[in-house]
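Here is model.pdb, consisting of PDB, C-alpha atoms:
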ATOM      1  CA  MET A  80     104.635  75.035  82.726
ATOM      2  CA  THR A  81     102.611  74.390  85.849
ATOM      3  CA  GLU A  82     105.192  73.125  88.307
ATOM      4  CA  ARG A  83     107.906  75.721  87.918
ATOM      5  CA  PRO A  84     109.431  76.933  91.189
ATOM      6  CA  LEU A  85     107.675  79.916  92.721
ATOM      7  CA  SER A  86     108.718  82.599  95.150
ATOM      8  CA  PRO A  87     109.126  82.888  98.067
ATOM      9  CA  HIS A  88     112.087  80.564  98.180
ATOM     10  CA  LEU A  89     112.466  81.315 101.858
ATOM     11  CA  SER A  90     112.809  77.665 102.754
ATOM     12  CA  VAL A  91     115.424  77.087 100.067
ATOM     13  CA  TYR A  92     117.909  79.809 100.874
ATOM     14  CA  ARG A  93     120.005  79.693 104.000
ATOM     15  CA  MET A  94     119.581  83.307 104.908
ATOM     16  CA  TYR A  95     121.198  85.115 107.715
ATOM     17  CA  ARG A  96     118.904  86.568 110.299
ATOM     18  CA  TYR A  97     119.580  90.153 109.367
ATOM     19  CA  THR A  98     119.494  89.500 105.643
ATOM     20  CA  LEU A  99     116.107  87.820 105.960
ATOM     21  CA  LEU A 100     114.857  90.555 108.230
ATOM     22  CA  THR A 101     116.021  93.424 106.051
ATOM     23  CA  SER A 102     115.344  92.026 102.602
ATOM     24  CA  ILE A 103     111.909  90.575 103.234
ATOM     25  CA  LEU A 104     110.468  92.193 106.316
ATOM     26  CA  LEU A 105     111.950  95.643 106.180
ATOM     27  CA  THR A 106     111.641  96.255 102.463
ATOM     28  CA  ARG A 107     108.552  94.390 101.299
ATOM     29  CA  ALA A 108     106.362  94.541 104.381
ATOM     30  CA  SER A 109     107.209  98.184 104.986
ATOM     31  CA  GLY A 110     106.506  98.882 101.314
ATOM     32  CA  ILE A 111     103.055  97.356 101.635
ATOM     33  CA  ALA A 112     102.488  99.390 104.805
ATOM     34  CA  LEU A 113     103.474 102.548 102.940
ATOM     35  CA  SER A 114     101.041 101.687 100.145
ATOM     36  CA  VAL A 115      98.321 101.720 102.800
ATOM     37  CA  GLY A 116      99.784 105.008 103.982
ATOM     38  CA  LEU A 117      99.393 106.401 100.469
ATOM     39  CA  ILE A 118      95.680 105.606 100.645
ATOM     40  CA  LEU A 119      95.448 107.491 103.958
ATOM     41  CA  LEU A 120      97.368 110.418 102.451
ATOM     42  CA  VAL A 121      95.007 110.666  99.494
ATOM     43  CA  TYR A 122      91.985 110.320 101.793
ATOM     44  CA  TRP A 123      93.357 113.264 103.767
ATOM     45  CA  LEU A 124      94.045 115.307 100.599
ATOM     46  CA  VAL A 125      90.533 114.662  99.278
ATOM     47  CA  ALA A 126      89.117 115.670 102.684
ATOM     48  CA  VAL A 127      91.051 118.952 102.553
ATOM     49  CA  ALA A 128      89.741 119.605  99.040
ATOM     50  CA  SER A 129      86.155 118.820 100.094
ATOM     51  CA  GLY A 130      85.933 121.857 102.357
ATOM     52  CA  PRO A 131      86.012 122.654 106.091
ATOM     53  CA  ALA A 132      82.928 120.598 107.069
ATOM     54  CA  ALA A 133      84.074 117.436 105.294
ATOM     55  CA  TYR A 134      87.588 117.955 106.654
ATOM     56  CA  HIS A 135      86.208 118.222 110.171
ATOM     57  CA  ASP A 136      84.474 114.848 109.775
ATOM     58  CA  ALA A 137      87.533 113.236 108.172
ATOM     59  CA  ARG A 138      89.728 114.593 110.942
ATOM     60  CA  ALA A 139      87.543 112.838 113.487
ATOM     61  CA  VAL A 140      88.194 109.589 111.620
ATOM     62  CA  LEU A 141      91.909 110.295 111.173
ATOM     63  CA  SER A 142      92.290 111.078 114.894
ATOM     64  CA  LEU A 143      91.040 107.664 116.001
ATOM     65  CA  GLY A 144      93.291 105.878 118.441
ATOM     66  CA  VAL A 145      93.698 102.926 116.084
ATOM     67  CA  LEU A 146      94.998 105.225 113.357
ATOM     68  CA  LYS A 147      97.495 106.798 115.730
ATOM     69  CA  ALA A 148      99.043 103.355 116.078
ATOM     70  CA  VAL A 149      98.936 103.093 112.284
ATOM     71  CA  TYR A 150     100.821 106.397 111.968
ATOM     72  CA  LEU A 151     103.548 105.066 114.229
ATOM     73  CA  ILE A 152     103.751 101.913 112.109
ATOM     74  CA  LEU A 153     103.937 104.108 109.012
ATOM     75  CA  LEU A 154     106.785 106.127 110.496
ATOM     76  CA  ALA A 155     108.606 102.874 111.268
ATOM     77  CA  ALA A 156     107.887 101.613 107.745
ATOM     78  CA  PHE A 157     109.111 104.891 106.274
ATOM     79  CA  SER A 158     112.361 104.692 108.257
ATOM     80  CA  CYS A 159     113.007 101.100 107.177
ATOM     81  CA  HIS A 160     111.955 101.462 103.562
ATOM     82  CA  LEU A 161     113.864 104.706 102.992
ATOM     83  CA  LEU A 162     117.139 103.331 104.330
ATOM     84  CA  ALA A 163     116.714  99.879 102.805
ATOM     85  CA  GLY A 164     115.879 101.551  99.476
ATOM     86  CA  ILE A 165     119.011 103.685  99.650
ATOM     87  CA  ARG A 166     121.016 100.539 100.347
ATOM     88  CA  HIS A 167     119.431  98.920  97.287
ATOM     89  CA  LEU A 168     120.497 101.915  95.194
ATOM     90  CA  ILE A 169     124.042 101.583  96.559
ATOM     91  CA  TRP A 170     123.956  97.853  95.757
ATOM     92  CA  ASP A 171     122.938  98.764  92.204
ATOM     93  CA  THR A 172     126.236 100.583  91.789
ATOM     94  CA  GLY A 173     128.013  97.340  92.654
ATOM     95  CA  HIS A 174     129.182  98.377  96.113
ATOM     96  CA  GLY A 175     128.653  96.434  99.328
ATOM     97  CA  ILE A 176     127.352  93.221  97.805
ATOM     98  CA  GLU A 177     129.950  90.911  99.319
ATOM     99  CA  ARG A 178     128.471  88.594 101.915
ATOM    100  CA  GLU A 179     130.297  90.087 104.888
ATOM    101  CA  GLN A 180     129.521  93.632 103.750
ATOM    102  CA  ALA A 181     125.844  92.775 103.280
ATOM    103  CA  LYS A 182     125.687  91.210 106.755
ATOM    104  CA  ARG A 183     127.271  94.291 108.266
ATOM    105  CA  SER A 184     125.039  96.721 106.345
ATOM    106  CA  SER A 185     121.972  94.706 107.359
ATOM    107  CA  LEU A 186     122.848  95.108 111.022
ATOM    108  CA  LEU A 187     123.611  98.783 110.450
ATOM    109  CA  LEU A 188     120.300  99.159 108.625
ATOM    110  CA  VAL A 189     118.331  97.735 111.558
ATOM    111  CA  ILE A 190     120.103 100.030 114.029
ATOM    112  CA  VAL A 191     119.841 103.216 111.947
ATOM    113  CA  SER A 192     116.183 102.454 111.100
ATOM    114  CA  ILE A 193     115.350 102.166 114.778
ATOM    115  CA  VAL A 194     117.203 105.402 115.561
ATOM    116  CA  LEU A 195     115.439 107.243 112.742
ATOM    117  CA  PHE A 196     112.067 105.813 113.783
ATOM    118  CA  VAL A 197     112.527 106.797 117.415
ATOM    119  CA  GLY A 198     113.516 110.308 116.351
ATOM    120  CA  LEU A 199     110.552 110.694 114.013
ATOM    121  CA  ALA A 200     108.124 109.174 116.511
ATOM    122  CA  TRP A 201     109.372 111.542 119.211
ATOM    123  CA  TRP A 202     108.901 114.481 116.839
ATOM    124  CA  ALA A 203     105.445 113.258 115.784
ATOM    125  CA  LEU A 204     104.247 112.780 119.367
ATOM    126  CA  HIS A 205     105.638 116.207 120.160
ATOM    127  CA  ALA A 206     103.716 117.664 117.194
ATOM    128  CA  ALA A 207     100.589 115.771 118.183
ATOM    129  CA  GLY A 208     100.864 117.159 121.697
ATOM    130  CA  ARG A 209     101.111 120.658 120.248
ATOM    131  CA  THR A 210      97.884 120.246 118.248
ATOM    132  CA  PRO A 211      95.409 117.985 120.035
TER     133      PRO A 211
ATOM    134  CA  MET B 166     123.523  79.760  68.472
ATOM    135  CA  ARG B 167     120.212  79.921  70.189
ATOM    136  CA  ASN B 168     118.841  81.713  73.183
ATOM    137  CA  SER B 169     116.185  80.446  75.517
ATOM    138  CA  SER B 170     113.288  81.801  73.493
ATOM    139  CA  GLY B 171     114.334  79.763  70.475
ATOM    140  CA  THR B 172     115.141  82.634  68.126
ATOM    141  CA  ASN B 173     118.196  82.451  65.951
ATOM    142  CA  LEU B 174     120.868  84.818  67.164
ATOM    143  CA  ASN B 175     122.474  84.748  63.715
ATOM    144  CA  ALA B 176     119.296  85.984  62.052
ATOM    145  CA  GLY B 177     120.965  89.069  60.659
ATOM    146  CA  GLN B 178     123.649  87.117  58.810
ATOM    147  CA  PRO B 179     123.278  85.677  55.310
ATOM    148  CA  ARG B 180     121.735  82.234  55.143
ATOM    149  CA  PRO B 181     124.193  79.386  54.675
ATOM    150  CA  ARG B 182     124.497  78.291  51.049
ATOM    151  CA  ARG B 183     123.532  74.809  50.023
ATOM    152  CA  GLY B 184     126.160  72.310  51.070
ATOM    153  CA  GLU B 185     127.403  74.368  54.002
ATOM    154  CA  ALA B 186     127.025  72.973  57.474
ATOM    155  CA  GLN B 187     123.627  73.756  58.871
ATOM    156  CA  GLU B 188     122.652  73.816  62.492
ATOM    157  CA  GLY B 189     120.560  70.714  62.129
ATOM    158  CA  PRO B 190     116.822  70.291  61.985
ATOM    159  CA  SER B 191     116.133  72.119  65.223
ATOM    160  CA  HIS B 192     115.488  75.488  63.578
ATOM    161  CA  LEU B 193     112.586  73.990  61.668
ATOM    162  CA  ARG B 194     110.716  73.486  64.912
ATOM    163  CA  SER B 195     108.009  75.887  65.954
ATOM    164  CA  PRO B 196     109.302  78.143  68.711
ATOM    165  CA  LEU B 197     107.518  76.313  71.510
ATOM    166  CA  ALA B 198     109.190  78.296  74.258
ATOM    167  CA  LYS B 199     107.979  81.486  72.646
ATOM    168  CA  VAL B 200     104.433  80.197  72.352
ATOM    169  CA  LEU B 201     104.460  79.226  76.010
ATOM    170  CA  GLY B 202     105.615  82.679  76.989
ATOM    171  CA  GLN B 203     109.014  81.592  78.265
ATOM    172  CA  GLY B 204     112.254  83.391  77.702
ATOM    173  CA  SER B 205     112.951  87.064  77.435
ATOM    174  CA  ALA B 206     110.296  89.484  76.216
ATOM    175  CA  LYS B 207     113.046  92.152  75.904
ATOM    176  CA  GLU B 208     111.214  94.358  78.387
ATOM    177  CA  GLY B 209     112.747  93.099  81.604
ATOM    178  CA  VAL B 210     114.681  96.264  82.331
ATOM    179  CA  GLN B 211     111.645  98.564  82.170
ATOM    180  CA  HIS B 212     110.229  97.563  85.537
ATOM    181  CA  TRP B 213     113.643  97.578  87.170
ATOM    182  CA  TRP B 214     114.521 100.994  85.796
ATOM    183  CA  ALA B 215     111.163 102.575  86.713
ATOM    184  CA  GLN B 216     111.493 101.187  90.238
ATOM    185  CA  ARG B 217     114.955 102.786  90.591
ATOM    186  CA  LEU B 218     113.947 106.068  88.990
ATOM    187  CA  THR B 219     110.919 106.476  91.253
ATOM    188  CA  SER B 220     112.883 105.435  94.347
ATOM    189  CA  VAL B 221     115.549 108.077  93.655
ATOM    190  CA  ALA B 222     112.820 110.724  93.233
ATOM    191  CA  LEU B 223     111.004 109.561  96.359
ATOM    192  CA  VAL B 224     113.996 110.028  98.664
ATOM    193  CA  PRO B 225     113.817 113.864  98.650
ATOM    194  CA  LEU B 226     110.039 113.967  98.105
ATOM    195  CA  THR B 227     109.115 111.779 101.067
ATOM    196  CA  VAL B 228     111.679 113.373 103.380
ATOM    197  CA  TRP B 229     110.361 116.816 102.386
ATOM    198  CA  PHE B 230     106.778 115.702 103.017
ATOM    199  CA  VAL B 231     107.431 114.129 106.419
ATOM    200  CA  VAL B 232     109.415 117.160 107.565
ATOM    201  CA  CYS B 233     106.671 119.536 106.333
ATOM    202  CA  LEU B 234     103.910 117.493 107.925
ATOM    203  CA  LEU B 235     105.646 117.318 111.291
ATOM    204  CA  SER B 236     106.596 121.012 111.146
ATOM    205  CA  LEU B 237     103.103 122.336 110.509
ATOM    206  CA  PRO B 238     101.964 124.401 113.509
ATOM    207  CA  SER B 239      98.478 122.916 113.339
ATOM    208  CA  TYR B 240      96.320 120.633 111.211
ATOM    209  CA  ASP B 241      93.357 123.021 110.986
ATOM    210  CA  HIS B 242      91.668 123.246 107.613
ATOM    211  CA  ALA B 243      92.676 126.868 107.057
ATOM    212  CA  MET B 244      96.310 126.073 107.860
ATOM    213  CA  ILE B 245      96.450 123.069 105.533
ATOM    214  CA  VAL B 246      94.743 124.992 102.723
ATOM    215  CA  ALA B 247      97.202 127.882 103.142
ATOM    216  CA  TRP B 248     100.102 125.437 103.053
ATOM    217  CA  MET B 249      98.814 123.521 100.017
ATOM    218  CA  GLY B 250      97.942 126.763  98.266
ATOM    219  CA  GLN B 251     101.609 127.630  97.892
ATOM    220  CA  LEU B 252     102.828 126.869  94.386
ATOM    221  CA  TRP B 253     105.832 124.723  95.276
ATOM    222  CA  THR B 254     103.932 122.820  97.949
ATOM    223  CA  ALA B 255     101.334 121.879  95.338
ATOM    224  CA  VAL B 256     104.034 120.983  92.797
ATOM    225  CA  PHE B 257     105.927 118.723  95.191
ATOM    226  CA  LEU B 258     102.724 117.185  96.572
ATOM    227  CA  ILE B 259     101.583 116.264  93.057
ATOM    228  CA  LEU B 260     105.004 114.830  92.254
ATOM    229  CA  LEU B 261     104.921 112.925  95.551
ATOM    230  CA  VAL B 262     101.484 111.401  94.925
ATOM    231  CA  LEU B 263     102.264 110.463  91.313
ATOM    232  CA  THR B 264     105.715 109.037  92.040
ATOM    233  CA  ALA B 265     104.567 107.235  95.181
ATOM    234  CA  ALA B 266     101.599 105.694  93.364
ATOM    235  CA  TRP B 267     103.825 104.548  90.505
ATOM    236  CA  HIS B 268     106.483 103.162  92.859
ATOM    237  CA  SER B 269     103.819 101.512  94.986
ATOM    238  CA  GLN B 270     102.204  99.896  91.955
ATOM    239  CA  LEU B 271     105.555  98.492  90.841
ATOM    240  CA  GLY B 272     106.302  97.181  94.318
ATOM    241  CA  VAL B 273     102.907  95.681  95.079
ATOM    242  CA  ARG B 274     102.972  94.093  91.628
ATOM    243  CA  VAL B 275     106.193  92.251  92.478
ATOM    244  CA  VAL B 276     104.752  91.088  95.785
ATOM    245  CA  VAL B 277     101.608  89.801  94.041
ATOM    246  CA  GLU B 278     103.689  88.115  91.345
ATOM    247  CA  ASP B 279     105.816  86.414  93.988
ATOM    248  CA  TYR B 280     103.272  85.392  96.597
ATOM    249  CA  VAL B 281      99.946  84.976  94.773
ATOM    250  CA  HIS B 282      99.932  81.653  93.013
ATOM    251  CA  GLY B 283      97.548  80.594  90.268
ATOM    252  CA  SER B 284      97.520  82.547  87.030
ATOM    253  CA  GLY B 285      93.830  83.523  87.204
ATOM    254  CA  THR B 286      93.994  84.926  90.737
ATOM    255  CA  LYS B 287      97.323  86.553  89.951
ATOM    256  CA  THR B 288      96.057  88.323  86.829
ATOM    257  CA  LEU B 289      92.931  89.492  88.644
ATOM    258  CA  MET B 290      94.984  90.812  91.558
ATOM    259  CA  LEU B 291      97.449  92.587  89.234
ATOM    260  CA  THR B 292      94.570  94.223  87.363
ATOM    261  CA  LEU B 293      92.887  95.383  90.561
ATOM    262  CA  VAL B 294      96.180  96.636  91.996
ATOM    263  CA  THR B 295      96.877  98.694  88.875
ATOM    264  CA  PHE B 296      93.352 100.130  88.688
ATOM    265  CA  PHE B 297      93.424 100.973  92.372
ATOM    266  CA  HIS B 298      96.729 102.809  92.100
ATOM    267  CA  VAL B 299      95.481 104.830  89.133
ATOM    268  CA  VAL B 300      92.378 105.835  91.104
ATOM    269  CA  VAL B 301      94.498 106.824  94.112
ATOM    270  CA  ALA B 302      96.875 108.865  91.935
ATOM    271  CA  VAL B 303      94.110 110.689  90.034
ATOM    272  CA  ALA B 304      92.114 111.422  93.207
ATOM    273  CA  GLY B 305      95.213 112.722  94.986
ATOM    274  CA  VAL B 306      96.318 114.978  92.133
ATOM    275  CA  LEU B 307      92.809 116.360  91.622
ATOM    276  CA  ALA B 308      92.436 117.096  95.340
ATOM    277  CA  ILE B 309      95.758 118.965  95.411
ATOM    278  CA  LEU B 310      94.824 120.962  92.299
ATOM    279  CA  GLU B 311      91.437 121.867  93.734
ATOM    280  CA  VAL B 312      93.018 123.223  96.897
ATOM    281  CA  ALA B 313      95.794 124.952  94.929
ATOM    282  CA  PHE B 314      93.254 126.667  92.671
ATOM    283  CA  GLY B 315      91.257 127.824  95.684
ATOM    284  CA  GLY B 316      88.334 125.425  95.372
ATOM    285  CA  ALA B 317      88.447 124.130  98.929
ATOM    286  CA  GLY B 318      86.920 127.234 100.478
TER     287      GLY B 318
END

In structure tokens, what does this structure look like?
Amino acid sequence: MTERPLSPHLSVYRMYRYTLLTSILLTRASGIALSVGLILLVYWLVAVASGPAAYHDARAVLSLGVLKAVYLILLAAFSCHLLAGIRHLIWDTGHGIEREQAKRSSLLLVIVSIVLFVGLAWWALHAAGRTP
Amino acid sequence: MRNSSGTNLNAGQPRPRRGEAQEGPSHLRSPLAKVLGQGSAKEGVQHWWAQRLTSVALVPLTVWFVVCLLSLPSYDHAMIVAWMGQLWTAVFLILLVLTAAWHSQLGVRVVVEDYVHGSGTKTLMLTLVTFFHVVVAVAGVLAILEVAFGGAG
């Protein structure tokens, strides 16, 4: 019972670059990042509920330069995870699971994720500029 | 006919009469695989289904939230309170927090199960992850309700 094979079997599978990138990095890592984002969201919600003074203090924390980088990472994670998740739902219907299709959709996923991220980041920076 | 957990798949059928061919002595053994926790627990689809269900719900919820957040004219307290005070904003925010926490718990659980080795550490991590997600979900929902019911001043 002790020496059964354990994940990750990364060294066992011969994975294509994009498959590795999208299945492990884009889905799992971005999911973990979004879990951290959920903590930030709830921190923000609790700050709003705690009244104007507490919100003012929390906003000082949430406006830190480090966290602005985190927000950009979260937007990137959201872009990746949303699209990768939709692809997983499509896979669940039995479509697009052939090797060539999966390779193509992985490449497409990377490109569309980047486009979506750039769009969202542009919008966010625009919004941030509007409300310093 | 046997499956991996050692149970007899023909259990519902009448027992063979004396003199009929039996399956051999193997069915007299204690179900070792079952004792060791191997084989199917018949609950495998629950996690999979909950992960899919929450992911389908999170597609519109997260897109709605990101669009709302980036569309807000300012992040002043009064503005946020006015926004969260609207009924449907509060409804969708609560659904977002609950669904996201559930989905996150399911996802982080898989990551812990896959990458944390050693049953003691793994169980401890899974317990902490679950507790933490429950705390996050309850705190989030309560905060939204407080603002929605006008408690945030």

Neighbour list for A:Ala200 as a PyMOL selection string, cut-off 12 Å, all atoms listed in the file, skip fewer than 2 positions in-chain: (chain A and resi 147-158+192-198+202-208) or (chain B and resi 231+235)

Check every residue of chain A for an atom within 6 Å of chain B, counting only C-alpha atoms, and provide those that qualify as a short mmCIF file (atom, residue, chain, number, x, y, z; two decimals) with C-alpha atoms, in the coordinates of the input.
data_model
loop_
_atom_site.label_atom_id
_atom_site.label_comp_id
_atom_site.auth_asym_id
_atom_site.auth_seq_id
_atom_site.Cartn_x
_atom_site.Cartn_y
_atom_site.Cartn_z
CA SER A 86 108.72 82.60 95.15
CA SER A 114 101.04 101.69 100.14
CA VAL A 121 95.01 110.67 99.49
CA LEU A 124 94.04 115.31 100.60
CA VAL A 125 90.53 114.66 99.28
CA ALA A 128 89.74 119.60 99.04
CA SER A 129 86.16 118.82 100.09
CA GLY A 130 85.93 121.86 102.36
CA PRO A 131 86.01 122.65 106.09
CA THR A 210 97.88 120.25 118.25
#

Determine, counting all atoms listed in the file, which protein, DNA and RNA residues have an atom within 12 Å of an atom of A:Thr106; residues of the same chain fewer than 3 positions away are not included. Present the result as an MDAnalysis selection string. (chainID A and resid 98:103 109:113 155:167 185 188:189 192) or (chainID B and resid 272:273 276)

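Taking atom CA of B:Leu293 and atom CA of B:Val277 as endpoints, the distance between them is 10.9 Å.
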
By how many Å are atom CA of B:Trp248 and atom CA of A:Trp123 apart? 13.9 Å

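In this model, the gap between atom CA of B:Arg274 and atom CA of B:Val294 comes to 7.3 Å.
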